[in-house]
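Peer 1: Sharing query_24.tsv here; it has TSV, C-alpha atoms.
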chain	number	residue	atom	x	y	z
A	167	MET	CA	0.00	0.00	0.00
A	168	THR	CA	1.52	3.31	-1.09
A	169	LEU	CA	-0.02	6.52	0.16
A	170	ALA	CA	0.40	9.73	-1.82
A	171	PRO	CA	2.80	12.26	-0.33
A	172	ILE	CA	1.49	15.47	1.20
A	173	ARG	CA	2.85	18.56	-0.53
A	174	LYS	CA	2.51	22.12	0.78
A	175	THR	CA	4.03	25.31	-0.60
A	176	ILE	CA	4.22	28.81	0.84
A	177	THR	CA	6.02	31.96	-0.27
A	178	VAL	CA	7.90	33.79	2.45
A	179	ALA	CA	8.90	37.48	2.36
A	180	CYS	CA	12.58	37.01	3.19
A	181	SER	CA	15.84	35.77	1.69
A	182	ARG	CA	16.44	32.08	1.10
A	183	GLU	CA	19.19	32.03	3.75
A	184	HIS	CA	16.95	33.67	6.35
A	185	ALA	CA	14.08	31.29	5.56
A	186	PHE	CA	16.35	28.26	5.96
A	187	LYS	CA	17.81	29.51	9.25
A	188	THR	CA	14.38	30.37	10.64
A	189	TYR	CA	12.98	26.96	9.73
A	190	THR	CA	15.95	25.05	11.15
A	191	GLU	CA	18.17	26.91	13.61
A	192	ALA	CA	15.31	29.07	14.97
A	193	PHE	CA	12.87	26.13	14.93
A	194	ASP	CA	11.74	26.75	18.51
A	195	SER	CA	10.85	30.39	17.72
A	196	TRP	CA	7.87	29.41	15.58
A	197	TRP	CA	6.94	25.88	16.71
A	198	PRO	CA	3.58	25.98	18.57
A	199	ARG	CA	3.73	25.21	22.29
A	200	GLU	CA	0.74	22.85	22.07
A	201	HIS	CA	2.52	20.56	19.57
A	202	HIS	CA	4.33	18.08	21.81
A	203	LEU	CA	4.14	14.42	22.77
A	204	GLY	CA	5.37	14.55	26.35
A	205	GLU	CA	2.97	14.72	29.27
A	206	ALA	CA	4.43	18.00	30.54
A	207	GLY	CA	4.30	21.25	28.57
A	208	LEU	CA	6.78	22.04	25.84
A	209	ALA	CA	9.87	23.93	26.96
A	210	GLU	CA	11.77	23.83	23.67
A	211	ALA	CA	11.57	22.31	20.19
A	212	VAL	CA	15.04	21.50	18.83
A	213	LEU	CA	16.37	20.70	15.38
A	214	GLU	CA	20.10	19.99	15.54
A	215	PRO	CA	21.74	21.66	12.48
A	216	LYS	CA	23.72	18.76	11.01
A	217	PRO	CA	23.28	15.41	9.24
A	218	GLY	CA	22.45	12.83	11.89
A	219	GLY	CA	21.24	15.55	14.25
A	220	ARG	CA	18.21	14.93	16.41
A	221	TRP	CA	14.82	16.56	15.96
A	222	TYR	CA	13.12	16.55	19.34
A	223	GLU	CA	11.20	18.22	22.14
A	224	LYS	CA	12.24	19.12	25.67
A	225	THR	CA	9.41	19.38	28.17
A	226	VAL	CA	9.23	21.67	31.19
A	227	ASP	CA	9.94	18.70	33.47
A	228	GLY	CA	13.25	18.04	31.67
A	229	ALA	CA	12.16	15.04	29.61
A	230	GLU	CA	13.16	14.68	25.96
A	231	CYS	CA	11.21	13.02	23.17
A	232	GLN	CA	12.92	12.46	19.84
A	233	TRP	CA	10.65	12.88	16.83
A	234	GLY	CA	13.28	11.83	14.28
A	235	GLU	CA	16.65	12.68	12.76
A	236	VAL	CA	18.14	15.08	10.24
A	237	LEU	CA	18.75	12.93	7.17
A	238	VAL	CA	19.97	15.64	4.80
A	239	TRP	CA	21.42	19.05	5.71
A	240	GLU	CA	22.09	21.30	2.69
A	241	PRO	CA	21.85	24.96	3.73
A	242	PRO	CA	20.24	27.04	2.37
A	243	ALA	CA	18.64	24.69	-0.18
A	244	ARG	CA	16.97	21.88	1.76
A	245	VAL	CA	16.64	19.78	4.87
A	246	VAL	CA	15.20	16.25	5.11
A	247	LEU	CA	13.90	14.92	8.42
A	248	SER	CA	12.74	11.48	9.47
A	249	TRP	CA	9.32	11.30	11.17
A	250	ARG	CA	9.22	8.52	13.78
A	251	ILE	CA	5.80	9.39	15.17
A	252	ASP	CA	3.11	6.81	14.47
A	253	GLY	CA	-0.61	7.30	13.90
A	254	ASP	CA	-1.31	7.09	17.63
A	255	TRP	CA	1.11	10.01	18.26
A	256	LYS	CA	3.68	7.75	19.89
A	257	VAL	CA	7.36	7.50	18.98
A	258	ASP	CA	8.37	4.36	17.09
A	259	PRO	CA	12.06	3.77	17.87
A	260	ASP	CA	12.66	1.77	14.68
A	261	PRO	CA	14.11	4.09	11.99
A	262	ALA	CA	12.84	1.71	9.28
A	263	HIS	CA	9.29	2.75	10.26
A	264	ALA	CA	9.92	6.49	9.78
A	265	SER	CA	8.44	8.57	6.99
A	266	GLU	CA	10.34	11.58	5.61
A	267	ILE	CA	9.76	15.30	5.47
A	268	GLU	CA	11.73	17.24	2.84
A	269	VAL	CA	11.69	21.03	2.97
A	270	ARG	CA	13.15	22.90	-0.02
A	271	PHE	CA	13.95	26.63	-0.10
A	272	VAL	CA	13.75	28.15	-3.59
A	273	GLU	CA	14.88	31.75	-4.10
A	274	GLU	CA	12.35	33.75	-6.10
A	275	GLY	CA	13.95	37.14	-5.45
A	276	PRO	CA	16.18	38.89	-2.89
A	277	ARG	CA	13.30	39.03	-0.39
A	278	SER	CA	11.08	36.20	-1.61
A	279	THR	CA	11.51	32.48	-1.02
A	280	ARG	CA	9.22	29.64	-2.01
A	281	VAL	CA	9.21	26.92	0.63
A	282	GLU	CA	8.13	23.49	-0.62
A	283	LEU	CA	7.37	20.78	1.92
A	284	GLU	CA	6.83	17.14	1.02
A	285	HIS	CA	5.97	14.47	3.61
A	286	ARG	CA	6.38	11.04	1.99
A	287	ALA	CA	6.85	7.30	2.58
A	288	PHE	CA	3.88	6.99	4.94
A	289	GLU	CA	3.67	3.25	4.19
A	290	ARG	CA	6.74	2.74	6.40
A	291	HIS	CA	4.46	3.36	9.40
A	292	GLY	CA	2.72	0.05	8.74
A	293	ALA	CA	-0.74	-0.33	10.26
A	294	THR	CA	-0.93	3.34	11.32
A	295	ALA	CA	0.22	4.80	7.97
A	296	ALA	CA	-3.16	6.25	6.98
A	297	LYS	CA	-3.61	7.75	10.46
A	298	VAL	CA	-0.21	9.45	10.22
A	299	ARG	CA	-1.03	10.90	6.80
A	300	ASP	CA	-4.48	12.04	7.93
A	301	GLY	CA	-3.05	13.61	11.09
A	302	VAL	CA	-0.34	15.68	9.42
A	303	SER	CA	-2.65	16.80	6.60
A	304	THR	CA	-5.06	18.65	8.93
A	305	GLU	CA	-5.00	22.43	9.38
A	306	GLY	CA	-2.99	21.89	12.57
A	307	GLY	CA	-0.52	19.84	10.52
A	308	HIS	CA	1.91	20.92	7.82
A	309	GLY	CA	-0.25	23.68	6.30
A	310	GLY	CA	-0.78	25.47	9.60
A	311	LEU	CA	2.83	24.95	10.67
A	312	LEU	CA	4.13	26.46	7.42
A	313	LYS	CA	1.96	29.54	8.02
A	314	LEU	CA	3.41	29.99	11.52
A	315	PHE	CA	6.92	29.58	10.12
A	316	ALA	CA	6.26	32.09	7.30
A	317	GLU	CA	4.95	34.70	9.74
A	318	LYS	CA	8.07	34.36	11.91
A	319	ALA	CA	10.47	34.39	8.95
A	320	ALA	CA	8.88	37.52	7.46
A	321	ALA	CA	8.83	39.42	10.79
Since I need it in another form, could you write the structure as structure tokens?
Peer 2:
Amino acid sequence: MTLAPIRKTITVACSREHAFKTYTEAFDSWWPREHHLGEAGLAEAVLEPKPGGRWYEKTVDGAECQWGEVLVWEPPARVVLSWRIDGDWKVDPDPAHASEIEVRFVEEGPRSTRVELEHRAFERHGATAAKVRDGVSTEGGHGGLLKLFAEKAAA
């Protein structure tokens, strides 16, 4: 069973370099506080800026929950992340079960960048694949997150 990827695009009023840095190195500045898996509130959302880096949350009680890894790090062009969260919003520790999120930054002008997000390979999640795809395709998923990112990057 192959599920179609989710693709979202947004144009951001900033340079390609600034868009990339805001999405990655300033990840916590735009990530919504209510988007976390831990029982305690979100203290920080972290995306380590390197191949093999972790993508994770820190909660106010000091716990960490790893959402995935940085698979590709090509500033300012693209970043690819693994998504180890299953359809029940639990972390699956097996990297073979992770889908992928690729974010590309395409310069359209000195202060205009098109950001293209593709979440793919949902079938790797096995029995919860459709639930994962449905969950990240909601307004609170990739579309809403890209809007929050774009607002922060353009500010």
Peer 1: Could you check how far CA of Val178 in chain A sits from CA of Glu284 in chain A, in Å to one decimal?
Peer 2: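 Answer for the CA of Val178 in chain A to CA of Glu284 in chain A separation: 16.7 Å.
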Peer 1: Give me the residues of range 173-211 of chain A that have any atom at most 6 Å from an atom of range 225-244 of chain A; for each, the nearest atom pair and the distance in Å, rounded to one decimal. Use all atoms listed in the file, sort by chain and number, and format it as a tab-separated table.
Peer 2:
residue	atom	partner	partner_atom	distance
A:Glu183	CA	A:Pro242	CA	5.3
A:Phe186	CA	A:Pro242	CA	5.4
A:Ala206	CA	A:Thr225	CA	5.7
A:Gly207	CA	A:Thr225	CA	5.5
A:Leu208	CA	A:Thr225	CA	4.4
A:Ala209	CA	A:Thr225	CA	4.7
Peer 1: Let me have the centre and edge lengths of the axis-aligned box enclosing all listed atoms of range 259-265 of chain A with 4 Å padding on every side, in Å to one decimal, as lines of an AutoDock Vina configuration file.
Peer 2:
center_x = 11.3
center_y = 5.1
center_z = 12.4
size_x = 13.7
size_y = 14.9
size_z = 18.9
Peer 1: Using all atoms listed in the file - which residues lie no farther than 10 Å from the point (10.8, 12.8, 2.9) in the file's frame? Write them as a JSON list (two decimals) with C-alpha atoms, keeping the file's coordinate frame.
Peer 2:
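For reference, point.json as written:
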[["chain", "number", "residue", "atom", "x", "y", "z"],
["A", 171, "PRO", "CA", 2.80, 12.26, -0.33],
["A", 172, "ILE", "CA", 1.49, 15.47, 1.20],
["A", 237, "LEU", "CA", 18.75, 12.93, 7.17],
["A", 238, "VAL", "CA", 19.97, 15.64, 4.80],
["A", 245, "VAL", "CA", 16.64, 19.78, 4.87],
["A", 246, "VAL", "CA", 15.20, 16.25, 5.11],
["A", 247, "LEU", "CA", 13.90, 14.92, 8.42],
["A", 248, "SER", "CA", 12.74, 11.48, 9.47],
["A", 249, "TRP", "CA", 9.32, 11.30, 11.17],
["A", 264, "ALA", "CA", 9.92, 6.49, 9.78],
["A", 265, "SER", "CA", 8.44, 8.57, 6.99],
["A", 266, "GLU", "CA", 10.34, 11.58, 5.61],
["A", 267, "ILE", "CA", 9.76, 15.30, 5.47],
["A", 268, "GLU", "CA", 11.73, 17.24, 2.84],
["A", 269, "VAL", "CA", 11.69, 21.03, 2.97],
["A", 283, "LEU", "CA", 7.37, 20.78, 1.92],
["A", 284, "GLU", "CA", 6.83, 17.14, 1.02],
["A", 285, "HIS", "CA", 5.97, 14.47, 3.61],
["A", 286, "ARG", "CA", 6.38, 11.04, 1.99],
["A", 287, "ALA", "CA", 6.85, 7.30, 2.58],
["A", 288, "PHE", "CA", 3.88, 6.99, 4.94]]
Peer 1: For the atom pair CA of Glu274 in chain A and CA of Glu305 in chain A, what is the interatomic distance in Å to one decimal place?
Peer 2: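 About the pair CA of Glu274 in chain A and CA of Glu305 in chain A: they are 25.9 Å apart.
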Peer 1: With distances taken over all atoms listed in the file, which of A:Trp255, A:Trp221, A:Phe271, A:Trp197 is nearest to Arg182 in chain A?
Peer 2: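 Selected residue with least distance to Arg182 in chain A: A:Phe271.
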Peer 1: Using all atoms listed in the file, collect all residues at a distance of at most 8 Å from (3.1, 27.8, -4.0) as written in the file, then present them as a PDB file with C-alpha atoms, keeping the file's coordinate frame.
Peer 2:
ATOM      1  CA  LYS A 174       2.510  22.120   0.780  1.00  0.00           C
ATOM      2  CA  THR A 175       4.030  25.310  -0.600  1.00  0.00           C
ATOM      3  CA  ILE A 176       4.220  28.810   0.840  1.00  0.00           C
ATOM      4  CA  THR A 177       6.020  31.960  -0.270  1.00  0.00           C
ATOM      5  CA  ARG A 280       9.220  29.640  -2.010  1.00  0.00           C
ATOM      6  CA  VAL A 281       9.210  26.920   0.630  1.00  0.00           C
ATOM      7  CA  GLU A 282       8.130  23.490  -0.620  1.00  0.00           C
TER       8      GLU A 282
END
Peer 1: Quick one: of A:Cys180, A:Ala320, A:Leu311, A:Ala170, who's nearest to Trp196 in chain A, counting only C-alpha atoms?
Peer 2: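 Nearest candidate to Trp196 in chain A out of A:Cys180, A:Ala320, A:Leu311, A:Ala170: A:Leu311.
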Peer 1: Which one of A:Ser278, A:Glu289, A:Leu203, A:Pro217 sits closest to Asp254 in chain A if you count only C-alpha atoms?
Peer 2: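 Comparing A:Ser278, A:Glu289, A:Leu203, A:Pro217 against Asp254 in chain A, the winner is A:Leu203.
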Peer 1: Give me, please, the distance in Å between CA of Ala262 in chain A and CA of Val302 in chain A, quoted to one decimal.
Peer 2: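 Computed distance, CA of Ala262 in chain A to CA of Val302 in chain A, equals 19.2 Å.
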Peer 1: Which of these residues is nearest to Val298 in chain A, using all atoms listed in the file: A:Ile251, A:Pro259, A:Pro198, A:Gly310?
Peer 2: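 Using all atoms listed in the file, Val298 in chain A sits closest to A:Ile251.
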